[in-house]
Amino acid sequence: MRDRGRPALERKLSPRPQQATPPKRKETARDRERPVMERKSSSRPHLETDSISSARRLLEDSISSRSFESGKASFRSSYADGQSSSRRIIREFSFRGNVLNWVSQFKRGPGASKKGHLPVFVKDKTFTWLPGKMIHHDGCKATVRITLPSDWNTTTVGGDDVEDGEVRTIKLSDYPGEEPPFQNVDKDYQLVGKADMADLPFLHEAAILYNVKERHCRGVPYTRVGDIIVATNPFQWIDGLYSMDNQRFYARRHFWREQEAENLKTDPLAPLRDVAVESYYEKHHYDPHIYEMSSLAYAGLCNKNKSQSILVTGESGAGKTETIKIVVSHLARIHTLIEDDDRSSRSVVGNDTEAIVKRVLESSLLFEAFGNAKTVRNNNSSRFGKFTQLQFERSSPSRCILSGAKRDTFLLEKNRVVHHDSGERSYHIFYQLLNAPDDFRESVWEGFSQLDGNSFKYLTTGHNTDEECNNFISGSAWQRVVDDLALFGIADDNLIDLTRTLCTVLQLGNLEFTRDSSSDECIIPTQSEFHKLTELLGLTSDYLTLALTRRQIKTSRDTLHSLLTPDAAKDSADALGKELYARLFDYLVRVINKATDNTMTSTATEDPQGVINLLDIFGFEKFAVNRFEQLCINYANEKLQNKYAVDIFYDTQAEYEKEGIDIFDFSKVDNTPVLDLIEGSTGLIALLNDECIRPKGNDSSYVYKVKMVHKTSTAFVKERINHPFEFSVHHFAGNVKYTAKKFIEKNTDVLPLDLVQAMSNSTNTIIAGEFKTMANAMTELRKSRRRSSSGGSTVISKFKIQLKILMDNISNAKTRYIRCIKPNEIGKPLVLNHTMTMNQLVSAGLVTAIIISRESFPDSLGYRDCVLRFRCLAASNFKEGRDERNTAELLLKRLLRGRDQVIGGEVIRPFACGKTKIFFRTGMLELIESERQRLYRQSATAMQKSARRFVCKRRYRAIIRANKILQAWWRGASIRRLFLRKIAAILTLQCFIRCTFARLEFLRRKRYRAVTLIQSGWRMKLSRSYFRQCIEAIKTIQRIVKKRSKRSSIKYSLEEVMKQARMDNKLKKLRANLNNLSCKGMNPEQIEATNGSKELLTYLRYECYKLRSNVSDLRTDVTKSHAKVSSLRARADNAGAALVSNKLRTAYLNRTNEKSAKKVNKIQKENAELKKLVKELQKNLLTQKHESDEIIKTMKNDHEMRVDDIQKQISKKEKEHAEDVVQLEERLSLMQQEHDAELEMLQEQLNTSEYAHGRDLTKLFDALDFTQNLSIEDDKKEDDIDDNSEMEMMMAHDEMAELKREIETLKKLHAADIMELQKRLSKRCRVCGATNTAQ
């Protein structure tokens, strides 16, 4: 049946049957009974042959559709909603195998460990847990050597109090399961830490403590426990931890993680992956971070459209305030971090959104200034609880942007205004105001600039100048506060009124009251301080004096005035100061909400709005003296712990009950009794409200009532040595003893109407507005003329209502947790206090989660999956039955034989069978998985051996065929190489001989050339000397000739010049004669002839000059023509020489071409031979290919025949299975009819018993109500109760307690009957469930 759904490709993966099977050892009966885990090496041959088929069958089954669906379902169940971290299974099989070997050595019995000492943790009073190595144990006691890490002294507070190597003897009975908790160490026995504590192989208190320490001392403040982030205060700024890159990484990583998770769930290859399950976070390789919480919350809001909540808890100094600021900053801008990488859906963020984001971020500074103070534990401790609702609206179908924020505050520590212990401070805003600029202080109040902290008594106690706090109270801090107040509209006159209100609070502390000796009235001796106060309030001195020193009492007929004592007047002034500051704080919260809450400032939009809630609240508190404030804080933490238990543990309980297996005691995590004790109908809150209403109610009477009413409660600690004002409550984090002094006063906290009306008339607009509202509320209350019996106006009742609203908001959202841890008191980085940290881990509920994981079944697996997964580990004679449950149970009994534990005489099995699943205790599934991994490794080795043999054989045959071809080719190539060597040798000899002859010819020519050179040199020398002599002679001749030619030319030129001069003289004379003749009186004809002669002479002279210039030009041209002729002759000589050289070069190139042509012919011949060889090789390859194709065809035919045979067998099995199903259906119908009949009978019996039980309870409650009514009527009749009436009331309470005890006994009697009926019914349900499972 399993093979039918396999694809053809997967069937081909099965290896061919081997030709011969190696002989295997005969299996004995003892071998058949033992699990694979306990077999020795002698059975290895049988294990290999059997494991091959088993592994192959499991691989085929995992690929099949049914196994895929079951694997996918188990994968989804493992990761659904991030269940408890104990559900994840560790994949460190090699490491787990080593540690489990140690554990098995410890389990085998007394003695010393053979392979090293067992690393364990031992209890210690100073350090809670210490690491050590168990060197010996005898079953009852063990010897352990303390082994401290190398950095113990530098990373541990008080590390010098213990010595390394100290040997201790411990009782094993002091540890759960009579074994000390094991260390998480590596192969070098060094403690290891994990980013996710769910990945620790051993999970217990000590492992959590040392894992937190290891990461804290490495400078890594964040650790993950499932869906919880543990944030350790590093006491230093870590560079890069909150960078924009980190913000962008976590934002983008988690925004698409939902889709990635869905892709993993639907991955078709998931069943093939050998995962038991590995941590989801380790798979993605990133460290835990608070950005992870904010990113997951944003992703859940955008993708699932569901509101989110992040709860941040921890004690003072753990870093809650900074954590909230970091988370808010990340959420305010997370949409921009995501949209940077998703431009397709990028939204347009306008200026309004940026303004909202800025106001949301800057409001944190105002809350720090007005609500934080320096304490002995923390320099910036939040003294109030804050619930922030970040409001988002959709900018696109898959994106949300911050559109507003709303803050709710509660439990403001008003008492810090008037008193704080030494070493502490009041709220930061007072010191910031004192460090403000003098001109501003003077504008607020005249003379205020001359005052300092010592001028106000409220600030005197604990006033110091620690440099650590200067950044919170400096002048620059005040300027930042002023800027932020202006951002919310508090500026100018409003800022002046707010500052004057702060000054009024401080000035009230400077008032003193004494009694006047003459009139016995209360007076104010410090009139200067009193006048300053009246100036600040804008009231007259007389009016304010009456309001502070007298009290007005209104009766039905008249109004009376009573004088106050000085102490009462001082208390009244202090109460006014506390109320003033509280009202100012509420005013500031309203202003901030008005500016940021979009439900108050904008109309409703069509898109639905989402909310991310952030809760910053005090952690669990337990001091030497615990007062009313600690009761309220611990009450809130109990509610949050209950929410945590509901989210984390009750789902597991429901699953166990659904599967019908025995569950562990959930009372260890169930704090319902504590909540009933506090908020029940007769709880601490109700009794306190009743005592506040009673005319003469007091603290001691309240404590007595609490002890009498709740003396049978499991959450109430009964101690005989308690003071009359003390009582103890068993909280989830331990017992807390409360001192009830001033419980009534603090719970009432009502300011006298006289003071309220006086403050309503103040000129300060803030004070007047706040107290007018308060006066109207008090007037309405008095008009009713009766007190509310419910105590709705008390402090704790108001807080209860606030807490209920808070829990409703959180319950409607997906809740995530951040637990802040303070590692030490001294504020030193990289140092941890073990005891302090362990107490915080217990208070945070993390150790409670460890109890669940230790006593529950953290891992589960379906019956079919279990059989398919671990069948390979069973012996060969193990037969699978038709009932999967019985088969799986029998299989696990064999595999986990010897793993049962005996605790308290009770045998605890390592697994439990439910209706549809098998549940494994811690470590058991990892043990089987590691053994399965080992078997798979062995099977894979055997399969690889066979596959390699087949592949190698096929390769060998192919190599043989190829070898023959290569040998033939090699022989031919070798012969050819030998021939080529001979040719090369002949060429070498020829070259050598030619070289010898050439060398001889060269020497001959060299000698002949030397002689020739000598002769040519000598001849050249002779010719050169003769040539030089000729040159000198020629030069001499040329000089002589040139002189003669020059002399003749000069002579000729001189003669010409002289001729010209003579001619000129003659012409001059002739002209002169002509002039003379003209002057002697010649006739006109003679004159005309004379003038003509003059003109002719002038013309001839001009022509003569012209001829002379032409002659000189001709001479110049002749000289140039001679020079050109000489240059042409030189060029002709050069051209002739070049022609001769070109002829020689041409002859050389012709000879070279002839040689290269011969070489080309040789290469062409070699190529022809190579082509012939290639053709032969191709023919051989074609023949080999045909042979391999034939082999493949034969293998394919054999495989198809095997497949046909298997299909025939499957069809036969299906017919048999159909017949069995018909028979089972008939049996099931008969059993169902019988079961229905028995159910009807049991239901009738149950109804009868419940009716009788209800009738008895009704009678008892009627009697109880009658007794309570009598006591209430007695209280209304008489206001003054004397001692006798007190005793009667005590007796009435005793009678009420006895009635309650009788009620409890009746409940127990009827509860036993009901439990018996339920057991009988559950047995029948199990039988029916088993039948359904078989079907």
# chains A, B, ... in the order shown; residues from 1 in each chain; ligands from 1
>>> residues_around(residues="region 805-808 of chain A", least_positions_apart="4", cutoff="10 Å", atoms="only C-alpha atoms", output="list in words")
Phe387, Asp408, Asn613, Leu615, Ala636, Lys639, Leu640, Lys643, Phe799, Lys800, Ile801, Asn812 and Ala813 of chain A
>>> write_last_selection(atoms="C-alpha atoms", output="PDB file, in the first residue's frame")
ATOM      1  CA  PHE A 387       0.056  51.866  29.901  1.00  0.00           C
ATOM      2  CA  ASP A 408      -2.945  55.743  31.120  1.00  0.00           C
ATOM      3  CA  ASN A 613      -0.218  48.231  23.846  1.00  0.00           C
ATOM      4  CA  LEU A 615       2.807  48.189  29.647  1.00  0.00           C
ATOM      5  CA  ALA A 636      -1.007  43.842  39.578  1.00  0.00           C
ATOM      6  CA  LYS A 639      -2.920  39.519  37.471  1.00  0.00           C
ATOM      7  CA  LEU A 640      -0.190  39.640  34.862  1.00  0.00           C
ATOM      8  CA  LYS A 643      -2.493  36.164  32.137  1.00  0.00           C
ATOM      9  CA  PHE A 799      -6.847  50.698  41.078  1.00  0.00           C
ATOM     10  CA  LYS A 800      -8.827  47.452  40.743  1.00  0.00           C
ATOM     11  CA  ILE A 801     -11.069  49.063  38.129  1.00  0.00           C
ATOM     12  CA  ASN A 812      -8.095  41.284  23.450  1.00  0.00           C
ATOM     13  CA  ALA A 813      -4.611  41.402  21.939  1.00  0.00           C
TER      14      ALA A 813
END
>>> residues_around(residues="region 537-548 of chain A", least_positions_apart="3", cutoff="8 Å", atoms="only C-alpha atoms", output="ChimeraX atom specification")
/A:504,524,530-531,533-534,551,569,572-573,754-755,758-759,761-764
>>> write_last_selection(atoms="N, CA, C and O atoms", output="compact mmCIF listing (two decimals), in the first residue's frame")
# COMPACT_ATOMS: atom_id res chain seq x y z
N THR A 504 4.35 75.91 44.49
CA THR A 504 3.37 75.79 45.58
C THR A 504 3.56 74.50 46.34
O THR A 504 3.50 74.46 47.57
N ILE A 524 0.37 79.36 62.63
CA ILE A 524 1.50 79.15 61.71
C ILE A 524 2.59 80.13 62.08
O ILE A 524 2.47 81.34 61.81
N PHE A 530 4.57 81.47 54.91
CA PHE A 530 3.13 81.40 54.63
C PHE A 530 2.70 82.48 53.63
O PHE A 530 1.87 82.24 52.75
N HIS A 531 3.27 83.68 53.74
CA HIS A 531 2.92 84.75 52.81
C HIS A 531 3.40 84.42 51.39
O HIS A 531 2.73 84.78 50.41
N LEU A 533 3.43 81.45 50.20
CA LEU A 533 2.45 80.47 49.72
C LEU A 533 1.18 81.18 49.25
O LEU A 533 0.62 80.84 48.19
N THR A 534 0.69 82.15 50.04
CA THR A 534 -0.53 82.87 49.63
C THR A 534 -0.30 83.66 48.35
O THR A 534 -1.19 83.80 47.51
N ARG A 551 -11.30 72.58 60.61
CA ARG A 551 -12.04 71.66 59.77
C ARG A 551 -13.52 71.92 59.91
O ARG A 551 -14.04 72.04 61.03
N ALA A 569 -2.70 69.39 61.32
CA ALA A 569 -2.59 70.46 60.32
C ALA A 569 -1.40 70.22 59.39
O ALA A 569 -1.49 70.46 58.17
N SER A 572 -2.36 67.59 57.07
CA SER A 572 -3.28 68.14 56.08
C SER A 572 -2.52 68.91 55.00
O SER A 572 -2.83 68.81 53.80
N ALA A 573 -1.48 69.68 55.39
CA ALA A 573 -0.68 70.42 54.40
C ALA A 573 0.10 69.46 53.50
O ALA A 573 0.20 69.67 52.27
N ASP A 754 -12.75 71.53 52.83
CA ASP A 754 -12.33 72.91 53.04
C ASP A 754 -11.13 73.26 52.16
O ASP A 754 -11.11 74.32 51.49
N LEU A 755 -10.14 72.38 52.14
CA LEU A 755 -8.95 72.64 51.33
C LEU A 755 -9.28 72.59 49.83
O LEU A 755 -8.76 73.38 49.05
N ALA A 758 -10.93 75.80 48.94
CA ALA A 758 -9.96 76.89 48.97
C ALA A 758 -9.10 76.89 47.71
O ALA A 758 -8.85 77.94 47.10
N MET A 759 -8.63 75.70 47.31
CA MET A 759 -7.80 75.62 46.10
C MET A 759 -8.62 75.97 44.84
O MET A 759 -8.07 76.45 43.86
N ASN A 761 -10.55 78.38 44.54
CA ASN A 761 -10.59 79.84 44.41
C ASN A 761 -9.23 80.45 44.07
O ASN A 761 -9.06 81.66 44.10
N SER A 762 -8.24 79.59 43.78
CA SER A 762 -6.89 80.08 43.48
C SER A 762 -6.89 80.82 42.14
O SER A 762 -7.69 80.53 41.24
N THR A 763 -5.95 81.76 42.02
CA THR A 763 -5.79 82.48 40.75
C THR A 763 -4.99 81.68 39.74
O THR A 763 -4.92 82.05 38.56
N ASN A 764 -4.37 80.61 40.18
CA ASN A 764 -3.66 79.72 39.27
C ASN A 764 -4.70 78.90 38.51
O ASN A 764 -5.47 78.13 39.11
>>> select_by_dssp(residues="region 844-1061 of chain A", states="strand (DSSP E or B)", output="ChimeraX atom specification")
/A:859-862,901-903,906-908,911-913,917-920
>>> residues_around(residues="region 588-603 of chain A", least_positions_apart="6", cutoff="6 Å", atoms="only C-alpha atoms", output="list in words")
Gly404, Ala405 and Lys406 of chain A
>>> closest_residue(among="A:Glu179, A:Asp516, A:Asp438, A:Glu655", to="Phe121 (chain A)", atoms="only C-alpha atoms")
A:Glu179
>>> closest_residue(among="A:Asn747, A:Thr887, A:Ser1112, A:Asn510", to="Ile918 (chain A)", atoms="only C-alpha atoms")
A:Thr887
>>> residues_around(residues="region 857-867 of chain A", least_positions_apart="3", cutoff="6 Å", atoms="only C-alpha atoms", output="list of chain:residue names")
A:Ser86, A:Arg87, A:Phe870, A:Arg871, A:Glu884, A:Arg885, A:Ala888, A:Lys917, A:Ile918, A:Phe919, A:Phe920, A:Arg921
>>> write_last_selection(atoms="C-alpha atoms", output="PDB file, in the first residue's frame")
ATOM      1  CA  SER A  86      10.066  23.355  25.853  1.00  0.00           C
ATOM      2  CA  ARG A  87       8.257  22.040  22.755  1.00  0.00           C
ATOM      3  CA  PHE A 870      11.567   4.516  14.662  1.00  0.00           C
ATOM      4  CA  ARG A 871      10.680   1.089  13.191  1.00  0.00           C
ATOM      5  CA  GLU A 884      -0.942   1.583  15.507  1.00  0.00           C
ATOM      6  CA  ARG A 885      -1.199   2.595  19.174  1.00  0.00           C
ATOM      7  CA  ALA A 888       3.978   2.259  18.821  1.00  0.00           C
ATOM      8  CA  LYS A 917      -0.268  11.025  20.072  1.00  0.00           C
ATOM      9  CA  ILE A 918       2.616   9.735  22.109  1.00  0.00           C
ATOM     10  CA  PHE A 919       4.058  12.264  24.585  1.00  0.00           C
ATOM     11  CA  PHE A 920       7.738  12.071  25.516  1.00  0.00           C
ATOM     12  CA  ARG A 921       9.396  13.314  28.667  1.00  0.00           C
TER      13      ARG A 921
END
>>> select_by_dssp(residues="region 550-702 of chain A", states="helix (DSSP H, G or I)", output="number ranges by chain")
A: 566-596, 598-601, 628-648, 650-659, 666-668, 672-679, 684-693, 699-702
>>> atom_distance(atom1="CA of Ser797 (chain A)", atom2="CA of Asn689 (chain A)")
7.9 Å
>>> closest_atom_pairs(of="region 609-654 of chain A", to="region 712-733 of chain A", cutoff="10 Å", atoms="only C-alpha atoms", output="Markdown table")
| residue | atom | partner | partner_atom | distance |
| --- | --- | --- | --- | --- |
| A:Phe620 | CA | A:Ala733 | CA | 7.6 |
| A:Glu621 | CA | A:Ala733 | CA | 9.4 |
| A:Lys622 | CA | A:Ala733 | CA | 9.3 |
| A:Val625 | CA | A:Glu726 | CA | 9.9 |
| A:Asn626 | CA | A:Glu726 | CA | 9.6 |
| A:Arg627 | CA | A:Glu726 | CA | 9.9 |
| A:Leu631 | CA | A:Val729 | CA | 9.7 |
| A:Asn634 | CA | A:His731 | CA | 8.0 |
| A:Tyr635 | CA | A:His731 | CA | 9.1 |
| A:Asn637 | CA | A:Phe732 | CA | 9.2 |
| A:Glu638 | CA | A:Phe732 | CA | 7.3 |
| A:Gln641 | CA | A:Phe732 | CA | 8.0 |
| A:Asn642 | CA | A:Phe732 | CA | 9.5 |
